[in-house]
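So this block is run-v5.cif, mmCIF, N, CA, C and O atoms:
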data_upload
#
loop_
_atom_site.group_PDB
_atom_site.id
_atom_site.type_symbol
_atom_site.label_atom_id
_atom_site.label_comp_id
_atom_site.auth_asym_id
_atom_site.auth_seq_id
_atom_site.Cartn_x
_atom_site.Cartn_y
_atom_site.Cartn_z
ATOM 1 N N ILE W 294 65.577 9.602 59.100
ATOM 2 C CA ILE W 294 65.318 11.018 58.905
ATOM 3 C C ILE W 294 64.851 11.605 60.226
ATOM 4 O O ILE W 294 63.974 11.062 60.881
ATOM 5 N N VAL W 295 65.433 12.752 60.561
ATOM 6 C CA VAL W 295 65.050 13.489 61.768
ATOM 7 C C VAL W 295 64.464 14.828 61.347
ATOM 8 O O VAL W 295 65.080 15.569 60.580
ATOM 9 N N ILE W 296 63.286 15.122 61.826
ATOM 10 C CA ILE W 296 62.645 16.391 61.505
ATOM 11 C C ILE W 296 62.548 17.197 62.797
ATOM 12 O O ILE W 296 62.001 16.723 63.794
ATOM 13 N N ASN W 297 63.091 18.389 62.764
ATOM 14 C CA ASN W 297 63.095 19.261 63.933
ATOM 15 C C ASN W 297 61.981 20.295 63.792
ATOM 16 O O ASN W 297 62.057 21.200 62.987
ATOM 17 N N ASN W 298 60.943 20.142 64.580
ATOM 18 C CA ASN W 298 59.835 21.087 64.560
ATOM 19 C C ASN W 298 59.824 21.967 65.803
ATOM 20 O O ASN W 298 58.799 22.535 66.159
ATOM 21 N N LEU W 299 60.954 22.086 66.466
ATOM 22 C CA LEU W 299 61.044 22.912 67.664
ATOM 23 C C LEU W 299 61.103 24.384 67.281
ATOM 24 O O LEU W 299 61.733 24.767 66.298
ATOM 25 N N SER W 300 60.452 25.183 68.055
ATOM 26 C CA SER W 300 60.570 26.631 67.881
ATOM 27 C C SER W 300 60.767 27.247 69.253
ATOM 28 O O SER W 300 60.241 26.763 70.253
ATOM 29 N N ILE W 301 61.535 28.307 69.280
ATOM 30 C CA ILE W 301 61.836 28.977 70.543
ATOM 31 C C ILE W 301 61.153 30.332 70.529
ATOM 32 O O ILE W 301 61.360 31.139 69.630
ATOM 33 N N LYS W 302 60.317 30.534 71.513
ATOM 34 C CA LYS W 302 59.625 31.807 71.635
ATOM 35 C C LYS W 302 60.405 32.663 72.629
ATOM 36 O O LYS W 302 60.562 32.281 73.792
ATOM 37 N N PRO W 303 60.924 33.807 72.190
ATOM 38 C CA PRO W 303 61.711 34.632 73.096
ATOM 39 C C PRO W 303 60.859 35.194 74.232
ATOM 40 O O PRO W 303 59.677 35.482 74.053
ATOM 41 N N HIS W 304 61.480 35.333 75.383
ATOM 42 C CA HIS W 304 60.816 35.922 76.544
ATOM 43 C C HIS W 304 60.674 37.418 76.304
ATOM 44 O O HIS W 304 61.605 38.071 75.882
ATOM 45 N N ARG W 305 59.511 37.964 76.572
ATOM 46 C CA ARG W 305 59.293 39.401 76.397
ATOM 47 C C ARG W 305 59.486 40.105 77.723
ATOM 48 O O ARG W 305 58.933 39.687 78.735
ATOM 49 N N ALA W 306 60.250 41.162 77.698
ATOM 50 C CA ALA W 306 60.451 41.962 78.905
ATOM 51 C C ALA W 306 59.172 42.718 79.220
ATOM 52 O O ALA W 306 58.546 43.288 78.343
ATOM 53 N N GLU W 307 58.791 42.712 80.472
ATOM 54 C CA GLU W 307 57.608 43.428 80.928
ATOM 55 C C GLU W 307 58.028 44.438 81.979
ATOM 56 O O GLU W 307 58.989 44.232 82.726
ATOM 57 N N LEU W 308 57.327 45.541 82.067
ATOM 58 C CA LEU W 308 57.659 46.620 82.986
ATOM 59 C C LEU W 308 57.812 46.155 84.436
ATOM 60 O O LEU W 308 58.800 46.496 85.085
ATOM 61 N N PRO W 309 56.890 45.349 84.981
ATOM 62 C CA PRO W 309 57.061 44.917 86.376
ATOM 63 C C PRO W 309 58.354 44.124 86.600
ATOM 64 O O PRO W 309 58.996 44.264 87.646
ATOM 65 N N GLU W 310 58.753 43.296 85.637
ATOM 66 C CA GLU W 310 59.986 42.517 85.778
ATOM 67 C C GLU W 310 61.206 43.424 85.796
ATOM 68 O O GLU W 310 62.132 43.225 86.576
ATOM 69 N N VAL W 311 61.220 44.431 84.918
ATOM 70 C CA VAL W 311 62.359 45.342 84.845
ATOM 71 C C VAL W 311 62.449 46.157 86.130
ATOM 72 O O VAL W 311 63.512 46.301 86.728
ATOM 73 N N ARG W 312 61.325 46.700 86.595
ATOM 74 C CA ARG W 312 61.323 47.501 87.822
ATOM 75 C C ARG W 312 61.757 46.643 89.019
ATOM 76 O O ARG W 312 62.537 47.080 89.853
ATOM 77 N N SER W 313 61.276 45.410 89.082
ATOM 78 C CA SER W 313 61.667 44.513 90.167
ATOM 79 C C SER W 313 63.165 44.241 90.147
ATOM 80 O O SER W 313 63.819 44.199 91.192
ATOM 81 N N ALA W 314 63.742 44.065 88.957
ATOM 82 C CA ALA W 314 65.178 43.821 88.833
ATOM 83 C C ALA W 314 65.967 45.018 89.356
ATOM 84 O O ALA W 314 66.985 44.860 90.037
ATOM 85 N N ILE W 315 65.493 46.226 89.052
ATOM 86 C CA ILE W 315 66.170 47.436 89.541
ATOM 87 C C ILE W 315 66.076 47.506 91.058
ATOM 88 O O ILE W 315 67.066 47.753 91.747
ATOM 89 N N GLU W 316 64.897 47.285 91.601
ATOM 90 C CA GLU W 316 64.711 47.353 93.052
ATOM 91 C C GLU W 316 65.556 46.309 93.765
ATOM 92 O O GLU W 316 66.165 46.596 94.795
ATOM 93 N N ASP W 317 65.614 45.104 93.217
ATOM 94 C CA ASP W 317 66.437 44.055 93.823
ATOM 95 C C ASP W 317 67.909 44.445 93.801
ATOM 96 O O ASP W 317 68.642 44.212 94.756
ATOM 97 N N ALA W 318 68.349 45.053 92.708
ATOM 98 C CA ALA W 318 69.754 45.432 92.583
ATOM 99 C C ALA W 318 70.122 46.554 93.543
ATOM 100 O O ALA W 318 71.239 46.593 94.069
ATOM 101 N N LEU W 319 69.191 47.467 93.789
ATOM 102 C CA LEU W 319 69.483 48.607 94.665
ATOM 103 C C LEU W 319 69.203 48.319 96.142
ATOM 104 O O LEU W 319 69.530 49.128 97.002
ATOM 105 N N GLU W 320 68.568 47.198 96.418
ATOM 106 C CA GLU W 320 68.251 46.748 97.773
ATOM 107 C C GLU W 320 67.596 47.829 98.618
ATOM 108 O O GLU W 320 66.476 48.212 98.375
ATOM 109 N N ARG W 321 68.259 48.357 99.652
ATOM 110 C CA ARG W 321 67.635 49.274 100.606
ATOM 111 C C ARG W 321 67.230 50.605 99.986
ATOM 112 O O ARG W 321 66.303 51.241 100.435
ATOM 113 N N ARG W 322 67.952 51.052 98.988
ATOM 114 C CA ARG W 322 67.656 52.343 98.376
ATOM 115 C C ARG W 322 66.613 52.219 97.276
ATOM 116 O O ARG W 322 66.259 53.200 96.644
ATOM 117 N N ALA W 323 66.107 51.024 97.053
ATOM 118 C CA ALA W 323 65.243 50.760 95.891
ATOM 119 C C ALA W 323 64.001 51.641 95.862
ATOM 120 O O ALA W 323 63.674 52.204 94.831
ATOM 121 N N GLU W 324 63.305 51.731 96.966
ATOM 122 C CA GLU W 324 62.053 52.475 96.963
ATOM 123 C C GLU W 324 62.297 53.935 96.636
ATOM 124 O O GLU W 324 61.610 54.535 95.819
ATOM 125 N N ARG W 325 63.312 54.520 97.256
ATOM 126 C CA ARG W 325 63.636 55.923 97.009
ATOM 127 C C ARG W 325 64.074 56.119 95.561
ATOM 128 O O ARG W 325 63.631 57.026 94.882
ATOM 129 N N GLN W 326 64.947 55.261 95.087
ATOM 130 C CA GLN W 326 65.471 55.382 93.731
ATOM 131 C C GLN W 326 64.394 55.110 92.686
ATOM 132 O O GLN W 326 64.347 55.771 91.667
ATOM 133 N N ALA W 327 63.559 54.137 92.929
ATOM 134 C CA ALA W 327 62.549 53.753 91.944
ATOM 135 C C ALA W 327 61.593 54.910 91.665
ATOM 136 O O ALA W 327 61.056 55.022 90.564
ATOM 137 N N GLN W 328 61.400 55.785 92.627
ATOM 138 C CA GLN W 328 60.516 56.927 92.427
ATOM 139 C C GLN W 328 61.096 57.919 91.430
ATOM 140 O O GLN W 328 60.368 58.698 90.839
ATOM 141 N N HIS W 329 62.392 57.903 91.240
ATOM 142 C CA HIS W 329 63.061 58.859 90.362
ATOM 143 C C HIS W 329 63.440 58.248 89.015
ATOM 144 O O HIS W 329 64.111 58.897 88.226
ATOM 145 N N ILE W 330 63.038 57.023 88.753
ATOM 146 C CA ILE W 330 63.406 56.339 87.515
ATOM 147 C C ILE W 330 62.150 56.001 86.723
ATOM 148 O O ILE W 330 61.204 55.431 87.251
ATOM 149 N N SER W 331 62.170 56.381 85.450
ATOM 150 C CA SER W 331 61.064 56.060 84.550
ATOM 151 C C SER W 331 61.527 55.012 83.553
ATOM 152 O O SER W 331 62.665 55.053 83.087
ATOM 153 N N LEU W 332 60.637 54.089 83.241
ATOM 154 C CA LEU W 332 60.952 53.012 82.301
ATOM 155 C C LEU W 332 59.899 52.959 81.204
ATOM 156 O O LEU W 332 58.716 53.146 81.474
ATOM 157 N N ALA W 333 60.353 52.707 79.997
ATOM 158 C CA ALA W 333 59.445 52.446 78.880
ATOM 159 C C ALA W 333 59.934 51.179 78.202
ATOM 160 O O ALA W 333 61.081 51.103 77.764
ATOM 161 N N VAL W 334 59.078 50.158 78.158
ATOM 162 C CA VAL W 334 59.452 48.862 77.601
ATOM 163 C C VAL W 334 58.673 48.633 76.313
ATOM 164 O O VAL W 334 57.449 48.693 76.306
ATOM 165 N N THR W 335 59.403 48.386 75.213
ATOM 166 C CA THR W 335 58.781 48.122 73.925
ATOM 167 C C THR W 335 59.551 47.026 73.211
ATOM 168 O O THR W 335 60.707 47.223 72.843
ATOM 169 N N ASP W 336 58.938 45.877 73.049
ATOM 170 C CA ASP W 336 59.522 44.763 72.293
ATOM 171 C C ASP W 336 60.968 44.463 72.668
ATOM 172 O O ASP W 336 61.841 44.358 71.808
ATOM 173 N N GLY W 337 61.250 44.368 73.940
ATOM 174 C CA GLY W 337 62.597 44.014 74.386
ATOM 175 C C GLY W 337 63.554 45.177 74.484
ATOM 176 O O GLY W 337 64.699 45.014 74.874
ATOM 177 N N SER W 338 63.106 46.362 74.137
ATOM 178 C CA SER W 338 63.928 47.560 74.259
ATOM 179 C C SER W 338 63.418 48.361 75.454
ATOM 180 O O SER W 338 62.216 48.588 75.581
ATOM 181 N N VAL W 339 64.330 48.785 76.328
ATOM 182 C CA VAL W 339 63.943 49.515 77.526
ATOM 183 C C VAL W 339 64.617 50.880 77.519
ATOM 184 O O VAL W 339 65.837 50.976 77.394
ATOM 185 N N ALA W 340 63.821 51.940 77.648
ATOM 186 C CA ALA W 340 64.338 53.296 77.801
ATOM 187 C C ALA W 340 64.296 53.628 79.286
ATOM 188 O O ALA W 340 63.248 53.528 79.921
ATOM 189 N N VAL W 341 65.445 53.985 79.849
ATOM 190 C CA VAL W 341 65.565 54.286 81.273
ATOM 191 C C VAL W 341 65.900 55.762 81.399
ATOM 192 O O VAL W 341 66.884 56.236 80.833
ATOM 193 N N SER W 342 65.091 56.489 82.159
ATOM 194 C CA SER W 342 65.370 57.903 82.371
ATOM 195 C C SER W 342 65.121 58.247 83.822
ATOM 196 O O SER W 342 64.479 57.493 84.550
ATOM 197 N N GLY W 343 65.654 59.373 84.231
ATOM 198 C CA GLY W 343 65.454 59.822 85.589
ATOM 199 C C GLY W 343 66.759 60.219 86.237
ATOM 200 O O GLY W 343 67.734 60.546 85.565
ATOM 201 N N ARG W 344 66.755 60.182 87.558
ATOM 202 C CA ARG W 344 67.872 60.696 88.343
ATOM 203 C C ARG W 344 68.404 59.641 89.308
ATOM 204 O O ARG W 344 67.621 58.949 89.960
ATOM 205 N N VAL W 345 69.720 59.519 89.348
ATOM 206 C CA VAL W 345 70.401 58.681 90.339
ATOM 207 C C VAL W 345 71.415 59.559 91.054
ATOM 208 O O VAL W 345 71.703 60.673 90.627
ATOM 209 N N HIS W 346 71.975 59.066 92.153
ATOM 210 C CA HIS W 346 72.848 59.887 92.988
ATOM 211 C C HIS W 346 74.333 59.688 92.738
ATOM 212 O O HIS W 346 75.139 60.451 93.252
ATOM 213 N N SER W 347 74.709 58.670 91.967
ATOM 214 C CA SER W 347 76.136 58.439 91.728
ATOM 215 C C SER W 347 76.324 57.585 90.476
ATOM 216 O O SER W 347 75.377 56.970 89.976
ATOM 217 N N TRP W 348 77.568 57.572 90.018
ATOM 218 C CA TRP W 348 77.918 56.726 88.872
ATOM 219 C C TRP W 348 77.660 55.254 89.210
ATOM 220 O O TRP W 348 77.165 54.493 88.385
ATOM 221 N N ALA W 349 77.973 54.866 90.437
ATOM 222 C CA ALA W 349 77.774 53.470 90.858
ATOM 223 C C ALA W 349 76.295 53.092 90.803
ATOM 224 O O ALA W 349 75.950 51.995 90.347
ATOM 225 N N GLU W 350 75.415 53.986 91.256
ATOM 226 C CA GLU W 350 73.985 53.695 91.202
ATOM 227 C C GLU W 350 73.505 53.614 89.751
ATOM 228 O O GLU W 350 72.689 52.767 89.403
ATOM 229 N N LYS W 351 74.032 54.481 88.896
ATOM 230 C CA LYS W 351 73.667 54.440 87.480
ATOM 231 C C LYS W 351 74.057 53.096 86.880
ATOM 232 O O LYS W 351 73.263 52.468 86.184
ATOM 233 N N GLN W 352 75.268 52.641 87.165
ATOM 234 C CA GLN W 352 75.731 51.355 86.641
ATOM 235 C C GLN W 352 74.908 50.196 87.205
ATOM 236 O O GLN W 352 74.642 49.214 86.504
ATOM 237 N N THR W 353 74.494 50.306 88.462
ATOM 238 C CA THR W 353 73.669 49.266 89.076
ATOM 239 C C THR W 353 72.311 49.177 88.386
ATOM 240 O O THR W 353 71.831 48.088 88.065
ATOM 241 N N VAL W 354 71.691 50.330 88.142
ATOM 242 C CA VAL W 354 70.388 50.354 87.473
ATOM 243 C C VAL W 354 70.505 49.782 86.063
ATOM 244 O O VAL W 354 69.726 48.913 85.660
ATOM 245 N N LEU W 355 71.492 50.262 85.308
ATOM 246 C CA LEU W 355 71.654 49.784 83.930
ATOM 247 C C LEU W 355 71.976 48.289 83.886
ATOM 248 O O LEU W 355 71.472 47.570 83.027
ATOM 249 N N GLY W 356 72.790 47.826 84.829
ATOM 250 C CA GLY W 356 73.114 46.401 84.886
ATOM 251 C C GLY W 356 71.884 45.562 85.189
ATOM 252 O O GLY W 356 71.695 44.484 84.614
ATOM 253 N N ALA W 357 71.035 46.062 86.092
ATOM 254 C CA ALA W 357 69.809 45.334 86.426
ATOM 255 C C ALA W 357 68.878 45.262 85.222
ATOM 256 O O ALA W 357 68.285 44.216 84.945
ATOM 257 N N VAL W 358 68.765 46.365 84.495
ATOM 258 C CA VAL W 358 67.894 46.377 83.318
ATOM 259 C C VAL W 358 68.439 45.424 82.255
ATOM 260 O O VAL W 358 67.710 44.597 81.708
ATOM 261 N N LYS W 359 69.733 45.512 81.977
ATOM 262 C CA LYS W 359 70.345 44.663 80.956
ATOM 263 C C LYS W 359 70.251 43.188 81.319
ATOM 264 O O LYS W 359 70.178 42.329 80.442
ATOM 265 N N GLY W 360 70.252 42.877 82.623
ATOM 266 C CA GLY W 360 70.211 41.491 83.066
ATOM 267 C C GLY W 360 68.817 40.905 83.159
ATOM 268 O O GLY W 360 68.655 39.736 83.495
ATOM 269 N N THR W 361 67.810 41.695 82.876
ATOM 270 C CA THR W 361 66.429 41.216 82.950
ATOM 271 C C THR W 361 66.103 40.379 81.712
ATOM 272 O O THR W 361 66.370 40.805 80.590
ATOM 273 N N PRO W 362 65.555 39.172 81.901
ATOM 274 C CA PRO W 362 65.210 38.323 80.760
ATOM 275 C C PRO W 362 64.297 39.057 79.773
ATOM 276 O O PRO W 362 63.358 39.730 80.177
ATOM 277 N N GLY W 363 64.621 38.937 78.502
ATOM 278 C CA GLY W 363 63.811 39.545 77.461
ATOM 279 C C GLY W 363 64.273 40.921 77.023
ATOM 280 O O GLY W 363 63.810 41.433 76.020
ATOM 281 N N VAL W 364 65.191 41.527 77.763
ATOM 282 C CA VAL W 364 65.702 42.848 77.386
ATOM 283 C C VAL W 364 66.828 42.662 76.381
ATOM 284 O O VAL W 364 67.806 41.981 76.644
ATOM 285 N N HIS W 365 66.658 43.283 75.212
ATOM 286 C CA HIS W 365 67.658 43.168 74.152
ATOM 287 C C HIS W 365 68.478 44.426 73.987
ATOM 288 O O HIS W 365 69.604 44.376 73.515
ATOM 289 N N SER W 366 67.903 45.579 74.339
ATOM 290 C CA SER W 366 68.652 46.824 74.231
ATOM 291 C C SER W 366 68.168 47.801 75.295
ATOM 292 O O SER W 366 67.022 47.719 75.756
ATOM 293 N N VAL W 367 69.067 48.715 75.672
ATOM 294 C CA VAL W 367 68.761 49.690 76.714
ATOM 295 C C VAL W 367 69.148 51.071 76.214
ATOM 296 O O VAL W 367 70.265 51.273 75.728
ATOM 297 N N LYS W 368 68.230 52.012 76.319
ATOM 298 C CA LYS W 368 68.523 53.409 76.016
ATOM 299 C C LYS W 368 68.707 54.119 77.351
ATOM 300 O O LYS W 368 67.773 54.182 78.159
ATOM 301 N N ASP W 369 69.889 54.653 77.578
ATOM 302 C CA ASP W 369 70.247 55.251 78.857
ATOM 303 C C ASP W 369 70.048 56.763 78.809
ATOM 304 O O ASP W 369 70.784 57.472 78.127
ATOM 305 N N ASP W 370 69.055 57.246 79.540
ATOM 306 C CA ASP W 370 68.835 58.683 79.698
ATOM 307 C C ASP W 370 68.882 59.065 81.176
ATOM 308 O O ASP W 370 68.227 60.018 81.607
ATOM 309 N N LEU W 371 69.655 58.294 81.966
ATOM 310 C CA LEU W 371 69.787 58.589 83.392
ATOM 311 C C LEU W 371 70.748 59.758 83.604
ATOM 312 O O LEU W 371 71.749 59.886 82.909
ATOM 313 N N ARG W 372 70.418 60.592 84.582
ATOM 314 C CA ARG W 372 71.284 61.710 84.974
ATOM 315 C C ARG W 372 71.795 61.473 86.382
ATOM 316 O O ARG W 372 71.055 60.937 87.221
ATOM 317 N N ILE W 373 72.993 61.927 86.627
ATOM 318 C CA ILE W 373 73.560 61.824 87.981
ATOM 319 C C ILE W 373 73.372 63.179 88.648
ATOM 320 O O ILE W 373 73.850 64.199 88.150
ATOM 321 N N ALA W 374 72.637 63.180 89.752
ATOM 322 C CA ALA W 374 72.370 64.397 90.523
ATOM 323 C C ALA W 374 72.548 64.071 91.997
ATOM 324 O O ALA W 374 71.647 63.546 92.630
ATOM 325 N N PRO W 375 73.729 64.367 92.546
ATOM 326 C CA PRO W 375 74.007 64.013 93.947
ATOM 327 C C PRO W 375 73.074 64.657 94.956
ATOM 328 O O PRO W 375 72.432 65.598 94.767
#

Can the structure in the file be given as structure tokens, please?
Amino acid sequence: IVINNLSIKPHRAELPEVRSAIEDALERRAERQAQHISLAVTDGSVAVSGRVHSWAEKQTVLGAVKGTPGVHSVKDDLRIAP
């Protein structure tokens, strides 16, 4: 008889991890962009709002958020303002 008592505790997304992922993804523009982006993290759900300068930057930010461990869903309220 084999008894499996293993349990997996999911990783919780935290605001510093999400912001760091965005900054890493944007590299040189991170500091400037991070000032225009607001994040709200609740139980693995991240609401992203603010302003980016292009569709590519928007996709980069959203990709970084989605790729952060513990993030299960993303609410996109980013605006493109060149």

Tell me which protein, DNA and RNA residues are within 7 Å of W:Asp370, counting only N, CA, C and O atoms, leaving out same-chain ones fewer than 5 positions away, and put them as an mmCIF file with N, CA, C and O atoms, keeping the file's coordinate frame.
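This went into out.cif:
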data_model
loop_
_atom_site.group_PDB
_atom_site.id
_atom_site.type_symbol
_atom_site.label_atom_id
_atom_site.label_comp_id
_atom_site.auth_asym_id
_atom_site.auth_seq_id
_atom_site.Cartn_x
_atom_site.Cartn_y
_atom_site.Cartn_z
ATOM 1 N N ALA W 340 63.821 51.940 77.648
ATOM 2 C CA ALA W 340 64.338 53.296 77.801
ATOM 3 C C ALA W 340 64.296 53.628 79.286
ATOM 4 O O ALA W 340 63.248 53.528 79.921
ATOM 5 N N VAL W 341 65.445 53.985 79.849
ATOM 6 C CA VAL W 341 65.565 54.286 81.273
ATOM 7 C C VAL W 341 65.900 55.762 81.399
ATOM 8 O O VAL W 341 66.884 56.236 80.833
ATOM 9 N N SER W 342 65.091 56.489 82.159
ATOM 10 C CA SER W 342 65.370 57.903 82.371
ATOM 11 C C SER W 342 65.121 58.247 83.822
ATOM 12 O O SER W 342 64.479 57.493 84.550
ATOM 13 N N GLY W 343 65.654 59.373 84.231
ATOM 14 C CA GLY W 343 65.454 59.822 85.589
ATOM 15 C C GLY W 343 66.759 60.219 86.237
ATOM 16 O O GLY W 343 67.734 60.546 85.565
ATOM 17 N N ARG W 344 66.755 60.182 87.558
ATOM 18 C CA ARG W 344 67.872 60.696 88.343
ATOM 19 C C ARG W 344 68.404 59.641 89.308
ATOM 20 O O ARG W 344 67.621 58.949 89.960
#

Exercise for the section: Mind giving me the straight-line distance from atom CA of W:Gly360 to atom CA of W:Pro375 in Å, one decimal? Expected result: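 Straight-line distance from atom CA of W:Gly360 to atom CA of W:Pro375 works out to 25.3 Å.
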
Handout entry: Distance of atom CA of W:Leu308 from atom C of W:Ser331, expressed in Å to one decimal place
Key =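 Going from atom C of W:Ser331 over to atom CA of W:Leu308 covers 9.3 Å.
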
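Between atom C of W:Val364 and atom N of W:Gly337 the interatomic distance comes to 6.3 Å.
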
Exercise for the section: Compare W:Ala318, W:Val311, W:Val295, W:Ile301 by their minimum atom-to-atom distance to W:Gln352, counting only C-alpha atoms, and give me the closest one. Expected result: W:Ala318

Practice task
Determine, counting only C-alpha atoms, which protein, DNA and RNA residues have an atom within 6 Å of an atom of W:Ser338; residues of the same chain fewer than 5 positions away are not included. Present the result as a VMD selection string.
Solution key: chain W and resid 364 to 367

Draw an axis-aligned box over all listed atoms of stretch 355-364 of chain W, pad each side with 5 Å, and write its centre and edge lengths in Å, one decimal, as AutoDock Vina command-line options.
--center_x 68.2 --center_y 44.3 --center_z 81.2 --size_x 19.8 --size_y 21.9 --size_z 20.4

Handout entry: Which of stretch 326-370 of chain W fall in strand (DSSP E), as a PyMOL selection string
Key = chain W and resi 330-335+338-345+366-370

Could you state which residues are captured by the PyMOL selection byres ((chain W and resi 304) around 5) in this file, as an mmCIF file with N, CA, C and O atoms, in the frame of the given file?
data_model
loop_
_atom_site.group_PDB
_atom_site.id
_atom_site.type_symbol
_atom_site.label_atom_id
_atom_site.label_comp_id
_atom_site.auth_asym_id
_atom_site.auth_seq_id
_atom_site.Cartn_x
_atom_site.Cartn_y
_atom_site.Cartn_z
ATOM 1 N N LYS W 302 60.317 30.534 71.513
ATOM 2 C CA LYS W 302 59.625 31.807 71.635
ATOM 3 C C LYS W 302 60.405 32.663 72.629
ATOM 4 O O LYS W 302 60.562 32.281 73.792
ATOM 5 N N PRO W 303 60.924 33.807 72.190
ATOM 6 C CA PRO W 303 61.711 34.632 73.096
ATOM 7 C C PRO W 303 60.859 35.194 74.232
ATOM 8 O O PRO W 303 59.677 35.482 74.053
ATOM 9 N N ARG W 305 59.511 37.964 76.572
ATOM 10 C CA ARG W 305 59.293 39.401 76.397
ATOM 11 C C ARG W 305 59.486 40.105 77.723
ATOM 12 O O ARG W 305 58.933 39.687 78.735
ATOM 13 N N ALA W 306 60.250 41.162 77.698
ATOM 14 C CA ALA W 306 60.451 41.962 78.905
ATOM 15 C C ALA W 306 59.172 42.718 79.220
ATOM 16 O O ALA W 306 58.546 43.288 78.343
ATOM 17 N N PRO W 362 65.555 39.172 81.901
ATOM 18 C CA PRO W 362 65.210 38.323 80.760
ATOM 19 C C PRO W 362 64.297 39.057 79.773
ATOM 20 O O PRO W 362 63.358 39.730 80.177
ATOM 21 N N GLY W 363 64.621 38.937 78.502
ATOM 22 C CA GLY W 363 63.811 39.545 77.461
ATOM 23 C C GLY W 363 64.273 40.921 77.023
ATOM 24 O O GLY W 363 63.810 41.433 76.020
#

Problem - Nearest-residue call for W:Val339, choices W:Asp369, W:Ser313, W:Gly356, W:Ile296, using all atoms listed in the file - result: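 Nearest candidate to W:Val339 out of W:Asp369, W:Ser313, W:Gly356, W:Ile296: W:Asp369.
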
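With all atoms listed in the file as the basis for measurement, W:Ile315 is the residue among W:Ile315, W:Leu332, W:Ile294, W:Ile373 that approaches W:Leu355 most closely.
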
Handout entry: All helix (DSSP H, G or I) positions in stretch 294-361 of chain W, as JSON, numbers by chain
Key = {"W": [308, 309, 310, 311, 312, 313, 314, 315, 316, 317, 318, 319, 320, 321, 322, 323, 324, 325, 326, 327, 348, 349, 350, 351, 352, 353, 354, 355, 356, 357, 358, 359]}

Problem - Polymer residues at most 8 Å from W:Arg312, all atoms listed in the file, same-chain spacing of 2 or more positions, as a PyMOL selection string - result: chain W and resi 307-310+314-319+323+327+330+332+357-358

Problem - Selected residue, from W:Ser300, W:Thr361, W:Ser347, W:Thr353, that lies nearest to W:Ala374 when counting all atoms listed in the file - result: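 Closest residue, counting all atoms listed in the file: W:Ser347.
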